[in-house]
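Participant: Dropping a structure here in structure tokens format, bear with me for questions.
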Amino acid sequence: MLTELRIRDLGVIADTTLVLDGGMTAVTGETGAGKTMIVEAVELLVGGRADPVLVRPGAVEAWVEGRFVVGDEEVVLARAVPASGRSRAYLDGRMVPVGALAEAGAELVDLHGQHAHQSLLSASSQRAALDTFASVDHGPRRVAVDRLRSLDEELTAAGGDPHARAREVDLLRFQVAELKAAALADPGEEAALAAEEDVLACAAEHREAALAAHAALAGEGAASDALGQAVAAVSGRSPFAELEARLRGLAAELAEAASDIRTTGEHIDEDPERLAAVRSRRQLLRDLCRKYGDTLADVIAFAVDAERRLADLEAHDQRAAELQAERESDAAVLAGAERAIGAARRNAAPALAASVEWHLRELAMAKARFEVAVGGEDAGDDVTFLLSANAGEPLLPLSKVASGGELARAMLGARLVLAGGAPTMVFDEVDAGIGGEAAVAVGRSLAALAAAHQVLVVTHLPQVAAFADHQVVVTKDERDGRTVAEAGRVDGKRRVVELSRMLSGQPASATARDHAEELLAAAARQRGR
């Protein structure tokens with residue numbers, strides 16, 4: 001609910017802060033005192049049009065701030081309206097687009113009167129309200145819709161377009177054949193081929209290197225001779241016993257290395273055909289990597305995926321037939337669910353309309369007709385609330401109702417029947433053109449609505465104000481040659497004085513005060529207090 005409202009330099013209001021409670025709050029005051037500025041302030045908080053004419057003359061900008069409590073959380077909305085330029089919107093201290101403020105405000109406040117920010121004016125809200133009234137179960141419809149969406153996605157993934165599927169099959173067959181012909185098995189094949197190509201390409205040079213190395217190790221006067229001389233020099237001498245063993249080991253290892261070098265060199269043959277084959281294979285692998293993956297491992301993985309996809313597509317016709325049969329079955333389920341929703345809506349619409357009409361008669365709209373039109377397809381998603389406020393007038397959508405008072409009373413009548421709605425509801429002009437028993441009925445209805453919502457009502461009727469849990473009075477005064485309006489709560493004797501003013505224009509009249517106290521007592525009795 002709205003717990004605090006700060007208004008600065010808006011219309012005739014210079015600077016005022018209201019602390020509000022739950023239940024019903026009546027906003028009263030003399031004509032021209034600035035009561036409507038309270039409503040204007042709330043409308044600005046929920047994203048209403050920011051007209052610079054609202055800025056108090058001489059001020060740089062108007063400022064409105066509202067603190068809302070929702071459960072255990074607190075939300076602060078604010079709006080700045082400059083005398084020239086674009087307005088600014090704030091949500092919890094952060095600057096946001098006006099649209100974001102409107103979105104947040106729609107969850108917090110419903111304005112009823114001549115205002116655009118009324119949730120029940122939207123088609124989606126009217127449909128949702130009827131569904132709540134009719135206890136419509138949307139579960140089967142949602143399940144069927146989700147199932148159809150999943151089947152459509154599967155059909156598309158399997159190749160829903162036969163031409164696209166044929167093109168993909170041809171491409172995959174070519175790719176699979178090309179990759180199968182390449183006989184890829186080892187991700188390390190390219191590295192092995194590179195090493196083999198190096199050997200084949202430089203066979204003569206490799207053999208010459210082997211001969212030279214062998215001669216250096218085992219030829220006449222080579223390393224083996226020098227190592228043999230060293231062994232002979234220290235042989236049998238005790239200080240060199242350990243070193244002698246090491247030298248003999250080196251001599252054996254050197255002889256083995258020389259033999260291996262000779263054998264390796266002798267086995268290196270020039271093979272132009274094999275060299276050509278290796279180079280051709282390496283080029284093929286490079287071409288495949290260019291088309292199917294960065295590495296040979298990627299290409300092998302692509303081949304596996306391509307074979308699987310090709311198998312799926314080649315089996316498409318059978319799977320598509322299965323999917324299509326499932327789809328037709330689920331489409332029939334969806335159609336049945338939508339017929340059930342439409343039937344529930346159409347059955348409940350007259351009862352909802354009759355309930356609202358009953359309340360409208362209580363609200364001084366004896367000749368009003370209210371209708372809930374359900375059109376569209378089987379589900380009846382096209383729901384429209386229609387109102388004829390007076391005898392002989394055509395039924396029109398609520399959004400087309402011209403009179404602010406009639407629209408506000410129609411909204412009040414609907415809210416008394418429907419569950420839900422924003423936690424805070426503001427009514428303006430709801431008592432326009434009525435009095436007497438009708439005013440008492442309006443007050444009683446607003447009080448009933450306040451059992452489940454915070455209700456703020458701008459009123460000039462004491463019969464309505466008497467039903468409020470709290471009363472805020474807007475007064476105006478002249479300071480330094482300028483009119484200044486302020487708003488403050490009244491209770492006890494001060495509230496009796498305000499009701500006396502509203503009754504007779506003479507707040508000091510003892511008779512008027514007696515009448516005011518009588519009104520408060522009667523309202524309390526009707527509310528069961």
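Naming scheme: A, B, ... for chains in displayed order of the structure tokens; residues 1 onward per chain; ligands 1 onward as shown.
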Hey, what does DSSP flag as strand (DSSP E) within segment 28-180 of chain A? Can you give it to me as a compact mmCIF listing (two decimals) with N, CA and C atoms, in the first residue's frame?
Facilitator:
```txt
# COMPACT_ATOMS: atom_id res chain seq x y z
N THR A 28 -10.74 15.32 1.33
CA THR A 28 -11.79 16.33 1.22
C THR A 28 -11.18 17.72 1.26
N GLY A 29 -12.03 18.72 1.04
CA GLY A 29 -11.58 20.11 1.05
C GLY A 29 -12.51 20.94 0.20
N GLU A 61 10.65 23.09 -10.99
CA GLU A 61 10.05 21.80 -11.32
C GLU A 61 9.14 21.35 -10.19
N ALA A 62 8.20 20.47 -10.53
CA ALA A 62 7.37 19.81 -9.53
C ALA A 62 8.01 18.46 -9.19
N TRP A 63 7.81 18.03 -7.95
CA TRP A 63 8.40 16.77 -7.50
C TRP A 63 7.35 15.97 -6.74
N VAL A 64 7.22 14.70 -7.11
CA VAL A 64 6.28 13.79 -6.43
C VAL A 64 7.04 12.52 -6.07
N GLU A 65 6.84 12.04 -4.85
CA GLU A 65 7.52 10.84 -4.41
C GLU A 65 6.56 10.01 -3.57
N GLY A 66 6.51 8.71 -3.83
CA GLY A 66 5.62 7.84 -3.08
C GLY A 66 6.35 6.62 -2.56
N ARG A 67 6.07 6.28 -1.30
CA ARG A 67 6.67 5.10 -0.68
C ARG A 67 5.58 4.03 -0.54
N PHE A 68 5.85 2.86 -1.12
CA PHE A 68 4.90 1.76 -1.08
C PHE A 68 5.51 0.60 -0.30
N VAL A 69 4.67 -0.09 0.45
CA VAL A 69 5.10 -1.29 1.17
C VAL A 69 4.32 -2.46 0.60
N VAL A 70 5.05 -3.44 0.08
CA VAL A 70 4.44 -4.65 -0.49
C VAL A 70 5.02 -5.84 0.26
N GLU A 73 8.68 -5.86 1.58
CA GLU A 73 9.54 -5.02 0.73
C GLU A 73 8.99 -3.60 0.62
N GLU A 74 9.90 -2.69 0.35
CA GLU A 74 9.55 -1.28 0.19
C GLU A 74 9.93 -0.82 -1.21
N VAL A 75 9.04 -0.11 -1.87
CA VAL A 75 9.29 0.40 -3.21
C VAL A 75 9.05 1.91 -3.18
N VAL A 76 9.99 2.65 -3.75
CA VAL A 76 9.86 4.11 -3.79
C VAL A 76 9.82 4.56 -5.25
N LEU A 77 8.72 5.21 -5.64
CA LEU A 77 8.57 5.78 -6.97
C LEU A 77 8.67 7.29 -6.87
N ALA A 78 9.28 7.93 -7.85
CA ALA A 78 9.41 9.39 -7.83
C ALA A 78 9.33 9.92 -9.25
N ARG A 79 8.87 11.16 -9.37
CA ARG A 79 8.73 11.79 -10.69
C ARG A 79 9.05 13.28 -10.55
N ALA A 80 9.87 13.76 -11.44
CA ALA A 80 10.18 15.19 -11.50
C ALA A 80 9.61 15.75 -12.80
N VAL A 81 8.84 16.85 -12.68
CA VAL A 81 8.24 17.48 -13.85
C VAL A 81 8.77 18.90 -13.97
N PRO A 82 9.71 19.15 -14.89
CA PRO A 82 10.27 20.50 -15.02
C PRO A 82 9.29 21.45 -15.70
N ARG A 88 11.43 13.36 -15.52
CA ARG A 88 12.35 12.31 -15.11
C ARG A 88 11.63 11.35 -14.16
N ALA A 89 11.97 10.08 -14.26
CA ALA A 89 11.33 9.07 -13.44
C ALA A 89 12.39 8.32 -12.63
N TYR A 90 12.03 7.93 -11.41
CA TYR A 90 12.96 7.23 -10.53
C TYR A 90 12.26 6.04 -9.87
N LEU A 91 12.99 4.95 -9.76
CA LEU A 91 12.50 3.76 -9.08
C LEU A 91 13.55 3.33 -8.07
N ARG A 94 16.86 5.06 -8.46
CA ARG A 94 17.56 4.93 -9.74
C ARG A 94 16.73 5.56 -10.84
N MET A 95 17.38 6.31 -11.71
CA MET A 95 16.66 6.90 -12.83
C MET A 95 16.25 5.80 -13.81
N VAL A 96 14.99 5.82 -14.21
CA VAL A 96 14.45 4.80 -15.12
C VAL A 96 13.58 5.49 -16.16
N VAL A 109 -0.92 0.44 -8.00
CA VAL A 109 -2.02 1.39 -7.91
C VAL A 109 -2.98 1.22 -9.07
N ASP A 110 -4.27 1.30 -8.77
CA ASP A 110 -5.32 1.43 -9.78
C ASP A 110 -6.00 2.78 -9.58
N LEU A 111 -6.06 3.58 -10.64
CA LEU A 111 -6.73 4.87 -10.59
C LEU A 111 -8.10 4.73 -11.25
N HIS A 112 -9.13 5.17 -10.57
CA HIS A 112 -10.49 5.07 -11.10
C HIS A 112 -11.10 6.46 -11.17
```
Participant: I want to know what sits within 10 Å of Val496 of chain A, based on only C-alpha atoms, with residues of the same chain fewer than 5 positions away left out; could you give that as number ranges by chain?
Facilitator: A: 466, 490-491, 501-502, 507, 512-520
Participant: Next, the residues of the selection above should be written as a CSV table (one decimal), in the first residue's frame with C-alpha atoms.
Facilitator:
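After the write, result_13.csv holds the following:
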```csv
chain,number,residue,atom,x,y,z
A,466,ALA,CA,-18.1,9.4,6.9
A,490,VAL,CA,-7.9,15.1,10.7
A,491,ASP,CA,-9.5,13.0,13.4
A,501,ARG,CA,-18.3,22.2,6.7
A,502,MET,CA,-19.1,19.7,4.1
A,507,PRO,CA,-18.2,24.3,10.5
A,512,ALA,CA,-24.1,20.7,11.6
A,513,ARG,CA,-21.8,19.1,14.1
A,514,ASP,CA,-24.6,17.0,15.5
A,515,HIS,CA,-25.4,15.9,12.0
A,516,ALA,CA,-21.8,15.1,11.3
A,517,GLU,CA,-21.5,13.0,14.4
A,518,GLU,CA,-24.7,11.3,13.5
A,519,LEU,CA,-23.3,10.5,10.0
A,520,LEU,CA,-20.1,9.0,11.5
```
Participant: Would you list the contacts of segment 376-392 of chain A as a PyMOL selection string, taking every protein, DNA or RNA residue within 6 Å and counting only C-alpha atoms, but skipping same-chain residues closer than 6 positions in sequence?
Facilitator: chain A and resi 127+338-339+341-342+367-370+398
Participant: Let's have the selection written as a tab-separated table (two decimals), in the first residue's frame, with C-alpha atoms.
Facilitator:
```
chain	number	residue	atom	x	y	z
A	127	ARG	CA	-10.12	-11.32	-19.75
A	338	GLU	CA	-9.94	-24.04	-25.72
A	339	ARG	CA	-13.60	-25.06	-26.13
A	341	ILE	CA	-12.22	-22.32	-21.64
A	342	GLY	CA	-14.62	-20.61	-24.04
A	367	LYS	CA	-30.72	2.31	-15.59
A	368	ALA	CA	-27.17	1.17	-16.24
A	369	ARG	CA	-26.54	-1.97	-18.27
A	370	PHE	CA	-23.32	-3.92	-17.97
A	398	LEU	CA	-15.44	0.91	-20.70
```
Participant: So that I can check the secondary structure, give me every residue of segment 283-442 of chain A assigned alpha helix (DSSP H) by backbone DSSP, as a ChimeraX atom specification.
Facilitator: /A:283-292,296-314,316-362,404-417,436-442
Participant: From the options A:Arg167, A:Arg282, A:Arg6, A:Arg327, which residue's atoms come nearest to Val42 of chain A, counting only C-alpha atoms?
Facilitator: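 The closest residue to Val42 of chain A is A:Arg6.
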Participant: Figure out the distance between atom CA of Val55 of chain A and atom CA of Leu10 of chain A, please, to one decimal in Å.
Facilitator: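 Atom CA of Val55 of chain A lies at a distance of 5.1 Å from atom CA of Leu10 of chain A.
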Participant: Please build the interface table for segment 263-359 of chain A against segment 154-158 of chain A with a cut-off of 7 Å, listing for each qualifying residue the nearest atom pair and the distance in Å to one decimal; count only C-alpha atoms, order rows by chain and increasing number, and write it as JSON lines.
Facilitator:
```
{"residue": "A:Leu313", "atom": "CA", "partner": "A:Ala158", "partner_atom": "CA", "distance": 6.5}
{"residue": "A:His316", "atom": "CA", "partner": "A:Ala158", "partner_atom": "CA", "distance": 6.6}
{"residue": "A:Ala320", "atom": "CA", "partner": "A:Leu155", "partner_atom": "CA", "distance": 6.6}
{"residue": "A:Leu323", "atom": "CA", "partner": "A:Leu155", "partner_atom": "CA", "distance": 7.0}
```
Participant: Restricting the calculation to only C-alpha atoms: of A:Leu130, A:Asp92, A:Ala106, A:Val278, which residue gets closest to Arg346 of chain A?
Facilitator: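 Among the listed residues, A:Leu130 lies closest to Arg346 of chain A.
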Participant: What's the separation between atom CA of Ala129 of chain A and atom CA of Leu418 of chain A, in Å to one decimal place?
Facilitator: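 Calculated distance between atom CA of Ala129 of chain A and atom CA of Leu418 of chain A is 6.5 Å.
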Participant: Point out the residue among A:Ala245, A:Leu254, A:Ala181, A:Ala59 with the least atom-to-atom distance to His214 of chain A, counting only C-alpha atoms.
Facilitator: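 Answer, going by the shortest atom-to-atom distance: A:Leu254.
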